[in-house]
Amino acid sequence: MSAAGISRRNFCKLSSSIVLGSVFTGIKSRLSFGLDSSVAHAETHTPKLIMPAMTANGAHVPIVVKMNHPMERDHHIARIQFLNESDPIPSKGVFYPTPYNGEVYFALQARMHSGKSTVLAVTECNLHGRWTARHEITIPEGQGGCATAGGGKELNVKEEILPPAIRIPELVRRGRLNKGETAEVQVKFKHPSKTGLAYENGKFIQIEEPLYLSSMRVYYGDRLVSRYEMTAGLSDSPFLKFKIKFLEEKPLRIFFRNSRGQEFKAVTEVALS
């Protein structure tokens with residue numbers, strides 16, 4: 001065989017190797033890109049649930065959920081539910097944010113029974129469905145907070161109710177907010193949360209009518225920014241925190257309703273620079 005023939009054969013082999021190498025490199029790059037995208041997708045959609053691993057106060061368990069997720073009209077978190085499925089009152093409420101919140105962030109305090117259990121934060125993206133975070137918590141025997149009647153520790157809690165109050169820490173500190181700023185809003189409300197349950201012989205029984213806050217509506221100007229549907233699984237005198245993106249000098253109004261149909265209101269003015 002001539003040198004030219006050998007040269008042509010080697011050239012063909014070399015060309016095939018280059019083509020195959022390019023194909024495999026392309027597939028590897030696409031797989032790597034897909035893996036990276038999947039990881040990034042999970043990072044933005046999986047809620048971060050912050051709470052203690054152990055507490056001796058089952059009547060007041062702090063819970064915070066936050067996410068690095070867009071809050072845009074076409075892509076946002078529309079629902080966050082807080083659950084402890086081993087409790088007599090499993091749901092600790094459902095928070096409904098909107099893009100006007102600007103950021104996924106919500107803090108509350110809840111009642112939980114003693115023992116080891118798992119708390120869930122179940123979020124729902126309007127495009128990508130439900131995502132769940134789990135956190136185990138242990139409450140010593142006898143320190144649970146779900147029984148508020150009969151033999152419960154809180155039998156004689158006075159049903160004192162004071163008007164709710166709004167505080168925006170950055171507004172207090174600086175006197176004004178920057179237009180377009182996303183700032184924390186705090187709402188404090190002295191109101192009992194009584195389950196009406198007693199814990200006897202290893203089980204819960206309903207012996208009194210429950211009294212608790214059942215709903216919260218947050219309005220910025222005339223726009224409904226978010227709402228929170230509550231249960232008797234919340235703590236007394238809730239201290240709630242969330243965020244709002246402030247774009248206009250309009251009042252912030254928050255309305256509450258309790259299980260007896262009573263309504264309460266808090267208002268604060270917003271100043272922008």
# chains A, B, ... in the order shown; residues from 1 in each chain; ligands from 1
>>> select_by_dssp(residues="segment 24-249 of chain A", states="strand (DSSP E)", output="PDB file with C-alpha atoms, in the first residue's frame")
ATOM      1  CA  LYS A  48     -35.417  26.760  54.767  1.00  0.00           C
ATOM      2  CA  LEU A  49     -37.122  25.850  58.044  1.00  0.00           C
ATOM      3  CA  ILE A  50     -35.521  27.389  61.141  1.00  0.00           C
ATOM      4  CA  VAL A  61     -42.239  27.024  69.736  1.00  0.00           C
ATOM      5  CA  PRO A  62     -40.651  29.581  67.363  1.00  0.00           C
ATOM      6  CA  ILE A  63     -40.803  28.750  63.649  1.00  0.00           C
ATOM      7  CA  VAL A  64     -39.274  30.667  60.732  1.00  0.00           C
ATOM      8  CA  VAL A  65     -39.422  29.806  57.050  1.00  0.00           C
ATOM      9  CA  LYS A  66     -37.577  31.653  54.308  1.00  0.00           C
ATOM     10  CA  MET A  67     -36.666  31.025  50.690  1.00  0.00           C
ATOM     11  CA  ILE A  77     -44.594  31.185  46.137  1.00  0.00           C
ATOM     12  CA  ALA A  78     -48.349  31.247  46.684  1.00  0.00           C
ATOM     13  CA  ARG A  79     -48.791  29.167  49.836  1.00  0.00           C
ATOM     14  CA  ILE A  80     -46.893  28.002  52.947  1.00  0.00           C
ATOM     15  CA  GLN A  81     -48.444  25.504  55.348  1.00  0.00           C
ATOM     16  CA  PHE A  82     -46.997  24.604  58.746  1.00  0.00           C
ATOM     17  CA  LEU A  83     -47.707  21.072  59.992  1.00  0.00           C
ATOM     18  CA  SER A  91     -51.976  22.483  61.162  1.00  0.00           C
ATOM     19  CA  LYS A  92     -50.288  25.568  62.601  1.00  0.00           C
ATOM     20  CA  GLY A  93     -51.783  27.720  59.879  1.00  0.00           C
ATOM     21  CA  VAL A  94     -51.406  28.532  56.195  1.00  0.00           C
ATOM     22  CA  PHE A  95     -49.706  31.725  55.020  1.00  0.00           C
ATOM     23  CA  TYR A  96     -50.564  33.066  51.547  1.00  0.00           C
ATOM     24  CA  VAL A 104     -40.526  34.681  51.078  1.00  0.00           C
ATOM     25  CA  TYR A 105     -40.215  35.075  54.832  1.00  0.00           C
ATOM     26  CA  PHE A 106     -42.598  34.303  57.677  1.00  0.00           C
ATOM     27  CA  ALA A 107     -42.174  33.782  61.425  1.00  0.00           C
ATOM     28  CA  LEU A 108     -44.664  32.526  64.024  1.00  0.00           C
ATOM     29  CA  GLN A 109     -44.889  30.626  67.331  1.00  0.00           C
ATOM     30  CA  ALA A 110     -46.884  27.419  67.778  1.00  0.00           C
ATOM     31  CA  GLY A 115     -42.134  13.974  72.671  1.00  0.00           C
ATOM     32  CA  LYS A 116     -40.176  13.751  69.451  1.00  0.00           C
ATOM     33  CA  SER A 117     -41.974  14.869  66.308  1.00  0.00           C
ATOM     34  CA  THR A 118     -41.395  16.286  62.833  1.00  0.00           C
ATOM     35  CA  VAL A 119     -42.464  19.749  61.743  1.00  0.00           C
ATOM     36  CA  LEU A 120     -43.139  20.359  58.049  1.00  0.00           C
ATOM     37  CA  ALA A 121     -43.136  23.558  56.008  1.00  0.00           C
ATOM     38  CA  VAL A 122     -44.960  22.811  52.748  1.00  0.00           C
ATOM     39  CA  THR A 123     -44.603  25.540  50.138  1.00  0.00           C
ATOM     40  CA  GLU A 124     -46.316  25.815  46.785  1.00  0.00           C
ATOM     41  CA  CYS A 125     -44.809  27.512  43.721  1.00  0.00           C
ATOM     42  CA  GLY A 129     -45.749  22.690  42.598  1.00  0.00           C
ATOM     43  CA  ARG A 130     -45.100  21.713  46.204  1.00  0.00           C
ATOM     44  CA  TRP A 131     -41.782  21.611  48.056  1.00  0.00           C
ATOM     45  CA  THR A 132     -41.287  20.466  51.653  1.00  0.00           C
ATOM     46  CA  ALA A 133     -38.767  21.069  54.440  1.00  0.00           C
ATOM     47  CA  ARG A 134     -38.683  18.896  57.588  1.00  0.00           C
ATOM     48  CA  HIS A 135     -37.291  19.550  61.050  1.00  0.00           C
ATOM     49  CA  GLU A 136     -37.291  17.222  64.049  1.00  0.00           C
ATOM     50  CA  ILE A 137     -38.044  18.667  67.475  1.00  0.00           C
ATOM     51  CA  THR A 138     -38.091  17.170  70.976  1.00  0.00           C
ATOM     52  CA  ILE A 139     -40.205  18.517  73.843  1.00  0.00           C
ATOM     53  CA  ALA A 165     -49.726  46.789  66.912  1.00  0.00           C
ATOM     54  CA  ILE A 166     -47.543  47.091  63.796  1.00  0.00           C
ATOM     55  CA  ARG A 167     -43.829  47.795  63.866  1.00  0.00           C
ATOM     56  CA  GLU A 181     -37.127  48.517  49.620  1.00  0.00           C
ATOM     57  CA  THR A 182     -38.240  45.150  50.994  1.00  0.00           C
ATOM     58  CA  ALA A 183     -38.518  45.522  54.770  1.00  0.00           C
ATOM     59  CA  GLU A 184     -39.616  43.374  57.694  1.00  0.00           C
ATOM     60  CA  VAL A 185     -43.035  43.971  59.232  1.00  0.00           C
ATOM     61  CA  GLN A 186     -43.741  42.859  62.795  1.00  0.00           C
ATOM     62  CA  VAL A 187     -47.216  42.405  64.247  1.00  0.00           C
ATOM     63  CA  LYS A 188     -47.768  41.859  67.958  1.00  0.00           C
ATOM     64  CA  LEU A 197     -58.282  20.321  74.905  1.00  0.00           C
ATOM     65  CA  ALA A 198     -57.357  18.317  77.989  1.00  0.00           C
ATOM     66  CA  TYR A 199     -54.803  15.500  78.057  1.00  0.00           C
ATOM     67  CA  GLU A 200     -56.079  12.598  80.123  1.00  0.00           C
ATOM     68  CA  LYS A 203     -55.189  11.041  74.907  1.00  0.00           C
ATOM     69  CA  PHE A 204     -56.644  14.470  74.101  1.00  0.00           C
ATOM     70  CA  ILE A 205     -60.306  15.240  74.690  1.00  0.00           C
ATOM     71  CA  GLN A 206     -62.252  18.400  73.831  1.00  0.00           C
ATOM     72  CA  LEU A 213     -57.243  34.032  66.116  1.00  0.00           C
ATOM     73  CA  SER A 214     -58.601  32.538  62.912  1.00  0.00           C
ATOM     74  CA  SER A 215     -57.386  34.892  60.187  1.00  0.00           C
ATOM     75  CA  MET A 216     -55.133  37.830  59.343  1.00  0.00           C
ATOM     76  CA  ARG A 217     -55.393  40.048  56.259  1.00  0.00           C
ATOM     77  CA  VAL A 218     -52.598  42.461  55.296  1.00  0.00           C
ATOM     78  CA  TYR A 219     -53.410  45.446  53.054  1.00  0.00           C
ATOM     79  CA  TYR A 220     -50.913  47.941  51.658  1.00  0.00           C
ATOM     80  CA  ARG A 223     -54.083  45.999  47.789  1.00  0.00           C
ATOM     81  CA  LEU A 224     -54.258  42.662  49.613  1.00  0.00           C
ATOM     82  CA  VAL A 225     -50.605  41.748  50.122  1.00  0.00           C
ATOM     83  CA  SER A 226     -50.956  38.523  52.092  1.00  0.00           C
ATOM     84  CA  ARG A 227     -53.184  36.579  54.426  1.00  0.00           C
ATOM     85  CA  TYR A 228     -52.736  33.999  57.147  1.00  0.00           C
ATOM     86  CA  GLU A 229     -55.366  31.396  58.033  1.00  0.00           C
ATOM     87  CA  PHE A 239     -45.711  37.763  67.325  1.00  0.00           C
ATOM     88  CA  LEU A 240     -45.753  37.466  63.534  1.00  0.00           C
ATOM     89  CA  LYS A 241     -43.108  38.646  61.060  1.00  0.00           C
ATOM     90  CA  PHE A 242     -43.124  38.882  57.274  1.00  0.00           C
ATOM     91  CA  LYS A 243     -41.788  41.188  54.559  1.00  0.00           C
ATOM     92  CA  ILE A 244     -43.302  43.690  52.154  1.00  0.00           C
ATOM     93  CA  LYS A 245     -41.856  45.522  49.179  1.00  0.00           C
ATOM     94  CA  PHE A 246     -42.656  49.205  49.763  1.00  0.00           C
TER      95      PHE A 246
END
>>> select_by_dssp(residues="segment 60-180 of chain A", states="helix (DSSP H, G or I)", output="VMD selection string")
chain A and resid 99 to 101 169 to 174
>>> write_last_selection(atoms="N, CA and C atoms", output="mmCIF file, in the first residue's frame")
data_model
loop_
_atom_site.group_PDB
_atom_site.id
_atom_site.type_symbol
_atom_site.label_atom_id
_atom_site.label_comp_id
_atom_site.auth_asym_id
_atom_site.auth_seq_id
_atom_site.Cartn_x
_atom_site.Cartn_y
_atom_site.Cartn_z
ATOM 1 N N PRO A 99 -46.645 38.349 45.219
ATOM 2 C CA PRO A 99 -45.443 39.050 44.756
ATOM 3 C C PRO A 99 -45.198 40.377 45.457
ATOM 4 N N TYR A 100 -46.241 40.991 46.026
ATOM 5 C CA TYR A 100 -46.079 42.267 46.720
ATOM 6 C C TYR A 100 -45.303 42.126 48.032
ATOM 7 N N ASN A 101 -45.151 40.899 48.529
ATOM 8 C CA ASN A 101 -44.305 40.690 49.706
ATOM 9 C C ASN A 101 -42.835 40.904 49.371
ATOM 10 N N PRO A 169 -39.231 47.776 61.812
ATOM 11 C CA PRO A 169 -37.971 48.186 62.450
ATOM 12 C C PRO A 169 -37.153 49.192 61.644
ATOM 13 N N GLU A 170 -37.041 49.001 60.349
ATOM 14 C CA GLU A 170 -36.249 49.923 59.532
ATOM 15 C C GLU A 170 -36.896 51.306 59.468
ATOM 16 N N LEU A 171 -38.213 51.367 59.480
ATOM 17 C CA LEU A 171 -38.909 52.653 59.466
ATOM 18 C C LEU A 171 -38.705 53.371 60.800
ATOM 19 N N VAL A 172 -38.728 52.619 61.890
ATOM 20 C CA VAL A 172 -38.483 53.202 63.215
ATOM 21 C C VAL A 172 -37.057 53.718 63.312
ATOM 22 N N ARG A 173 -36.119 52.936 62.784
ATOM 23 C CA ARG A 173 -34.699 53.290 62.908
ATOM 24 C C ARG A 173 -34.332 54.497 62.053
ATOM 25 N N ARG A 174 -34.832 54.570 60.806
ATOM 26 C CA ARG A 174 -34.404 55.618 59.877
ATOM 27 C C ARG A 174 -35.438 56.714 59.661
#
>>> closest_atom_pairs(of="segment 130-194 of chain A", to="segment 111-114 of chain A", cutoff="12 Å", atoms="only C-alpha atoms", output="CSV")
residue,atom,partner,partner_atom,distance
A:Ile137,CA,A:Ser114,CA,9.4
A:Thr138,CA,A:Ser114,CA,7.1
A:Ile139,CA,A:Ser114,CA,4.6
A:Pro140,CA,A:Ser114,CA,5.6
A:Glu141,CA,A:Ser114,CA,5.3
A:Gly142,CA,A:Ser114,CA,6.5
A:Gln143,CA,A:Ser114,CA,5.9
A:Gly144,CA,A:His113,CA,4.2
A:Gly145,CA,A:Arg111,CA,5.0
A:Cys146,CA,A:Arg111,CA,5.6
A:Ala147,CA,A:His113,CA,8.2
A:Thr148,CA,A:Arg111,CA,10.2
A:Gly152,CA,A:His113,CA,11.8
A:Ser193,CA,A:Arg111,CA,9.2
A:Lys194,CA,A:Arg111,CA,9.9
>>> write_last_selection(atoms="C-alpha atoms", output="compact mmCIF listing (two decimals), in the first residue's frame")
# COMPACT_ATOMS: atom_id res chain seq x y z
CA ILE A 137 -38.04 18.67 67.48
CA THR A 138 -38.09 17.17 70.98
CA ILE A 139 -40.20 18.52 73.84
CA PRO A 140 -39.78 16.91 77.29
CA GLU A 141 -42.64 14.89 78.77
CA GLY A 142 -45.08 17.13 80.61
CA GLN A 143 -43.95 20.26 78.75
CA GLY A 144 -46.33 20.03 75.79
CA GLY A 145 -48.46 23.05 74.95
CA CYS A 146 -51.57 21.62 73.29
CA ALA A 147 -53.67 21.05 76.44
CA THR A 148 -55.14 24.30 77.76
CA GLY A 152 -53.64 21.57 81.49
CA SER A 193 -55.00 30.92 71.90
CA LYS A 194 -56.87 28.21 73.82
>>> residues_around(residues="Thr44 of chain A", least_positions_apart="2", cutoff="7 Å", atoms="only C-alpha atoms", output="PyMOL selection string")
chain A and resi 40-42+46+67-69
>>> atom_distance(atom1="atom CA of Val270 of chain A", atom2="atom CA of Arg253 of chain A")
10.5 Å
>>> closest_residue(among="A:Arg176, A:His45, A:His60, A:His191", to="His128 of chain A", atoms="only C-alpha atoms")
A:His45
>>> closest_residue(among="A:Pro52, A:Asp222, A:Asn57, A:Thr268", to="Ser235 of chain A", atoms="only C-alpha atoms")
A:Asn57
>>> atom_distance(atom1="atom CA of Gly202 of chain A", atom2="atom CA of Met51 of chain A")
26.5 Å
>>> closest_residue(among="A:Pro97, A:Glu208, A:Lys250, A:Asp236", to="Met71 of chain A", atoms="only C-alpha atoms")
A:Pro97
